[in-house]
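This report refers to the structure that appears directly beneath it.
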Amino acid sequence: MSKTGKQTWSFTNPVYLQSTGTVVGPMEGEGPLKDTYDIIHEELHCGEANWELAERKLMIDAVHTCLQKAGVDQSNVDLFLAGDLLNQNVTGNYVARQLGMPVLGMFGACSTSMETLATGAALVSSGYAKQTLVAVSSHNCTAERQFRYPTEYGGQKPSTATFTVTGSGAALISKEPSPIQIEAATIGKVLDYSIKDPFDMGTAMAPAAWDTIKTHLEDMGRVPADYDVIATGDLSSVGTPILRDMMKQDGYDISEVHKDCGLLVYHSDQPVFAGGSGCACSAVVTYGKLVQDLKEGKYKRVLVVATGALMSPMMLQQKESIPGIAHAVVLTKGETQS
């Protein structure tokens with residue numbers, strides 16, 4: 001592993017995705033990517049007594065599916081890196097209590113999917129772990145209750161609002177060659193463009209995505225066309241044009257390769273306002289659809305840029321603005337062990 005440019009880690013000791021697990025709720029299961037998920041729950045409670053337990057069920061299912069697909073016992077995992085949107089990372093921590101693995105709780109809001117993947121890959125590449133397991137989750141009803149209003153309240157939202165994805169994604173990382181290689185990661189900076197509207201997170205996060213993508217291209221000496229896809233996490237229909245305009249002003253036209261996970265996860269006629277969001281948004285799309293397309297040879301190199309709005313209800317009540325963050329990971333078509 002070595003540093004490339006200002007903010008990029010190049011995994012010169014190759015690391016690979018051994019397996020992934022994706023679990024979603026009913027709305028996501030009706031979306032265009034339904035055939036790429038491992039498990040689809042037909043109701044939001046996922047058979048549990050409350051929303052928080054339901055989210056925990058999502059992550060447990062994703063973790064167990066991931067390990068089962070790899071044929072790896074959880075006792076052989078060196079480190080579990082997990083995050084979610086709930087206070088004190090309670091989903092990840094309570095799942096870790098059940099798994100009994102060494103754990104690092106991580107938080108980057110909706111960017112946590114790539115934050116955990118980048119960190120897990122770095123630990124394996126540098127020799128601090130042989131196998132790391134990463135996982136994130138979100139649930140529409142837990143996020144609504146914490147960050148906005150209880151769903152029972154029926155509060156109205158503007159068209160700029162996003163819809164938190166109910167789901168969880170997990171991935172197992174090691175040095176054993178596999179079809180998906182983790183080539184590099186660019187760690188983002190916190191940017192704040194003074195956006196204060198919690199119903200417009202796409203606008204708040206777009207500058208962070210711009211900065212991370214631009215820095216990544218500069219660090220790696222690449223252009224957008226070097227990627228089959230540059231996938232942002234959850235900028236939605238509001239933040240997507242802002243990002244593209246900002247990139248174009250810097251001489252980078254990403255319109256031909258850019259996709260947003262928040263716009264991929266649902267059909268355009270589903271009632272999700274400006275698109276999907278949440279930790280699970282980029283995770284289930286990446287570990288489902290994008291990994292599948294890489295394995296099948298449809299793509300050779302993908303840049304996933306997970307975006308996060310680093311707000312809390314208390315900060316919003318104190319009239320603070322919403323800082324944004326974005327972390328990027330490069331996934332490439334790897335090799336199969338001979």
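Chain identifiers are assigned as A, B, and so on, following the order in which chains appear in the structure tokens; residues are numbered from 1 within each chain, and ligands are numbered from 1 in order of appearance.
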
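Look at Ala171 in chain A: the protein and nucleic acid residues within 8 Å of it, using only C-alpha atoms and passing over chain neighbours fewer than 6 places away, are Leu17, Gln18, Ser19, Thr20, Gly21, Val63, Cys66, Leu117, Leu133, Val134, Ala135 and Tyr287 of chain A.
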
Write the residues of the preceding selection, restricted to N, CA and C atoms, as a PDB file, in the first residue's frame.
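Written output follows (out.pdb):
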ATOM      1  N   LEU A  17     -12.297  -8.300  -3.146  1.00  0.00           N
ATOM      2  CA  LEU A  17     -13.592  -8.617  -2.558  1.00  0.00           C
ATOM      3  C   LEU A  17     -13.810 -10.115  -2.702  1.00  0.00           C
ATOM      4  N   GLN A  18     -13.911 -10.817  -1.586  1.00  0.00           N
ATOM      5  CA  GLN A  18     -14.150 -12.261  -1.646  1.00  0.00           C
ATOM      6  C   GLN A  18     -15.620 -12.578  -1.883  1.00  0.00           C
ATOM      7  N   SER A  19     -16.477 -11.793  -1.263  1.00  0.00           N
ATOM      8  CA  SER A  19     -17.918 -12.003  -1.422  1.00  0.00           C
ATOM      9  C   SER A  19     -18.645 -10.774  -0.907  1.00  0.00           C
ATOM     10  N   THR A  20     -19.924 -10.699  -1.237  1.00  0.00           N
ATOM     11  CA  THR A  20     -20.767  -9.619  -0.750  1.00  0.00           C
ATOM     12  C   THR A  20     -22.125 -10.182  -0.333  1.00  0.00           C
ATOM     13  N   GLY A  21     -22.837  -9.416   0.487  1.00  0.00           N
ATOM     14  CA  GLY A  21     -24.203  -9.766   0.868  1.00  0.00           C
ATOM     15  C   GLY A  21     -25.075  -8.529   0.809  1.00  0.00           C
ATOM     16  N   VAL A  63     -24.526  -9.824   6.642  1.00  0.00           N
ATOM     17  CA  VAL A  63     -23.259 -10.396   7.114  1.00  0.00           C
ATOM     18  C   VAL A  63     -23.246 -11.910   6.941  1.00  0.00           C
ATOM     19  N   CYS A  66     -23.031 -12.881   3.275  1.00  0.00           N
ATOM     20  CA  CYS A  66     -21.688 -12.630   2.756  1.00  0.00           C
ATOM     21  C   CYS A  66     -20.723 -13.739   3.162  1.00  0.00           C
ATOM     22  N   LEU A 117     -15.145   0.223   3.465  1.00  0.00           N
ATOM     23  CA  LEU A 117     -14.481  -0.586   2.448  1.00  0.00           C
ATOM     24  C   LEU A 117     -13.037  -0.134   2.258  1.00  0.00           C
ATOM     25  N   LEU A 133     -14.227  -7.794   7.466  1.00  0.00           N
ATOM     26  CA  LEU A 133     -15.629  -7.815   7.074  1.00  0.00           C
ATOM     27  C   LEU A 133     -16.189  -6.420   7.295  1.00  0.00           C
ATOM     28  N   VAL A 134     -16.798  -5.843   6.259  1.00  0.00           N
ATOM     29  CA  VAL A 134     -17.372  -4.499   6.378  1.00  0.00           C
ATOM     30  C   VAL A 134     -18.873  -4.569   6.135  1.00  0.00           C
ATOM     31  N   ALA A 135     -19.612  -3.710   6.825  1.00  0.00           N
ATOM     32  CA  ALA A 135     -21.070  -3.712   6.662  1.00  0.00           C
ATOM     33  C   ALA A 135     -21.645  -2.362   7.054  1.00  0.00           C
ATOM     34  N   TYR A 287     -22.533  -3.465  -3.949  1.00  0.00           N
ATOM     35  CA  TYR A 287     -22.302  -4.878  -3.652  1.00  0.00           C
ATOM     36  C   TYR A 287     -23.260  -5.808  -4.396  1.00  0.00           C
TER      37      TYR A 287
END

Write out as a count of residues only the set of residues from range 92-332 of chain A that DSSP, computed on the backbone, places in strand (DSSP E). 54

Quick one: contact table of range 7-70 of chain A to range 210-217 of chain A, 10 Å max, nearest atom pair and distance in Å to one decimal per residue, counting only C-alpha atoms, chain and number order, as a Markdown table?
| residue | atom | partner | partner_atom | distance |
| --- | --- | --- | --- | --- |
| A:Gln7 | CA | A:Thr215 | CA | 7.3 |
| A:Thr8 | CA | A:His216 | CA | 6.6 |
| A:Trp9 | CA | A:His216 | CA | 9.9 |

For those residues, write all heavy atoms to a file as a PDB file, in the first residue's frame.
ATOM      1  N   GLN A   7      -4.515  12.552  -1.575  1.00  0.00           N
ATOM      2  CA  GLN A   7      -5.485  11.908  -0.684  1.00  0.00           C
ATOM      3  C   GLN A   7      -5.805  10.466  -1.056  1.00  0.00           C
ATOM      4  O   GLN A   7      -6.771   9.899  -0.546  1.00  0.00           O
ATOM      5  CB  GLN A   7      -6.799  12.716  -0.695  1.00  0.00           C
ATOM      6  CG  GLN A   7      -6.676  14.121  -0.123  1.00  0.00           C
ATOM      7  CD  GLN A   7      -7.861  15.012  -0.472  1.00  0.00           C
ATOM      8  OE1 GLN A   7      -7.716  16.180  -0.839  1.00  0.00           O
ATOM      9  NE2 GLN A   7      -9.062  14.471  -0.360  1.00  0.00           N
ATOM     10  N   THR A   8      -5.016   9.865  -1.926  1.00  0.00           N
ATOM     11  CA  THR A   8      -5.368   8.551  -2.456  1.00  0.00           C
ATOM     12  C   THR A   8      -4.435   7.465  -1.956  1.00  0.00           C
ATOM     13  O   THR A   8      -3.211   7.646  -1.914  1.00  0.00           O
ATOM     14  CB  THR A   8      -5.358   8.578  -4.003  1.00  0.00           C
ATOM     15  OG1 THR A   8      -6.328   9.534  -4.447  1.00  0.00           O
ATOM     16  CG2 THR A   8      -5.698   7.213  -4.585  1.00  0.00           C
ATOM     17  N   TRP A   9      -5.032   6.338  -1.566  1.00  0.00           N
ATOM     18  CA  TRP A   9      -4.285   5.131  -1.201  1.00  0.00           C
ATOM     19  C   TRP A   9      -4.298   4.175  -2.388  1.00  0.00           C
ATOM     20  O   TRP A   9      -5.374   3.816  -2.885  1.00  0.00           O
ATOM     21  CB  TRP A   9      -4.931   4.416  -0.013  1.00  0.00           C
ATOM     22  CG  TRP A   9      -5.055   5.233   1.238  1.00  0.00           C
ATOM     23  CD1 TRP A   9      -4.341   6.329   1.603  1.00  0.00           C
ATOM     24  CD2 TRP A   9      -5.980   4.997   2.320  1.00  0.00           C
ATOM     25  NE1 TRP A   9      -4.741   6.806   2.828  1.00  0.00           N
ATOM     26  CE2 TRP A   9      -5.752   5.996   3.289  1.00  0.00           C
ATOM     27  CE3 TRP A   9      -6.961   4.038   2.548  1.00  0.00           C
ATOM     28  CZ2 TRP A   9      -6.481   6.052   4.478  1.00  0.00           C
ATOM     29  CZ3 TRP A   9      -7.688   4.102   3.735  1.00  0.00           C
ATOM     30  CH2 TRP A   9      -7.444   5.096   4.688  1.00  0.00           C
TER      31      TRP A   9
END

Determine, counting only C-alpha atoms, which protein, DNA and RNA residues have an atom within 8 Å of an atom of Asp260 in chain A; residues of the same chain fewer than 4 positions away are not included. Present the result as a PyMOL selection string. chain A and resi 231-236+240+264

Could you please write out, as a PyMOL selection string, every residue of range 103-292 of chain A that DSSP assigns to helix (DSSP H, G or I)? chain A and resi 112-125+140-147+151-153+201-220+224-226+236-249+261-264+279-292

Skipping near chain neighbours, those fewer than 4 positions away, what residues fall within 7 Å of Gly188 in chain A using only C-alpha atoms, listed as an mmCIF file with C-alpha atoms, in the first residue's frame?
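That gives us part_0.cif:
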data_model
loop_
_atom_site.group_PDB
_atom_site.id
_atom_site.type_symbol
_atom_site.label_atom_id
_atom_site.label_comp_id
_atom_site.auth_asym_id
_atom_site.auth_seq_id
_atom_site.Cartn_x
_atom_site.Cartn_y
_atom_site.Cartn_z
ATOM 1 C CA THR A 212 -13.216 13.964 -4.042
ATOM 2 C CA ILE A 325 -18.148 14.288 2.851
ATOM 3 C CA ALA A 326 -17.384 11.832 0.063
ATOM 4 C CA HIS A 327 -15.070 8.810 0.001
#

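The shortest atom-to-atom distance to Val329 in chain A, with only C-alpha atoms taken into account, belongs to A:Met114 out of A:Met114, A:Ala143, A:Met247, A:Leu172.
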
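For the set A:Arg222, A:His41, A:Lys189, A:Lys319, the residue with the smallest atom-to-atom gap to Ala209 in chain A is A:Lys189, counting only C-alpha atoms.
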
Select from range 49-122 of chain A every residue with an atom at most 7 Å from any atom of range 272-283 of chain A, then for each give the shortest pair of atoms and their distance in Å to one decimal, using only C-alpha atoms, rows by chain and rising number, as a tab-separated table.
residue	atom	partner	partner_atom	distance
A:Asp84	CA	A:Cys279	CA	6.3
A:Ala109	CA	A:Cys279	CA	6.6
A:Cys110	CA	A:Cys279	CA	4.1
A:Ser111	CA	A:Cys279	CA	6.6
A:Thr112	CA	A:Cys279	CA	6.3
A:Ser113	CA	A:Ala283	CA	5.6

Shell of 6 Å around Ala129 in chain A, only C-alpha atoms, local chain residues under 3 positions omitted, as a ChimeraX atom specification: /A:78,123-124

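Considering the residues A:Glu43, A:Asp228, A:Glu144, A:Asp219 and counting only C-alpha atoms, Leu290 in chain A has its shortest atom-to-atom contact with A:Asp228.
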
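For the choices A:Gly100, A:Tyr128, A:Asp35, A:Thr203, the atom-to-atom distance to Met246 in chain A is smallest for A:Thr203 when using only C-alpha atoms.
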
With distances taken over only C-alpha atoms, which of A:Thr119, A:Ser174, A:Thr65, A:Thr91 is nearest to Ser137 in chain A? A:Thr91

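Using only C-alpha atoms, the smallest distance between any of A:Ala49, A:Met1, A:Gly29, A:Val330 and Gln270 in chain A comes from A:Gly29.
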
Give me the residues within 9 Å of Ile195 in chain A as a list in words, counting only C-alpha atoms and dropping any in the same chain fewer than 5 places off. Asp200, Met201, Thr203, Ala204, Glu320, Ser321, Ile322 and Pro323 of chain A

Just how far from CA of Ala96 in chain A is CA of Cys46 in chain A, in Å to one decimal? 19.3 Å
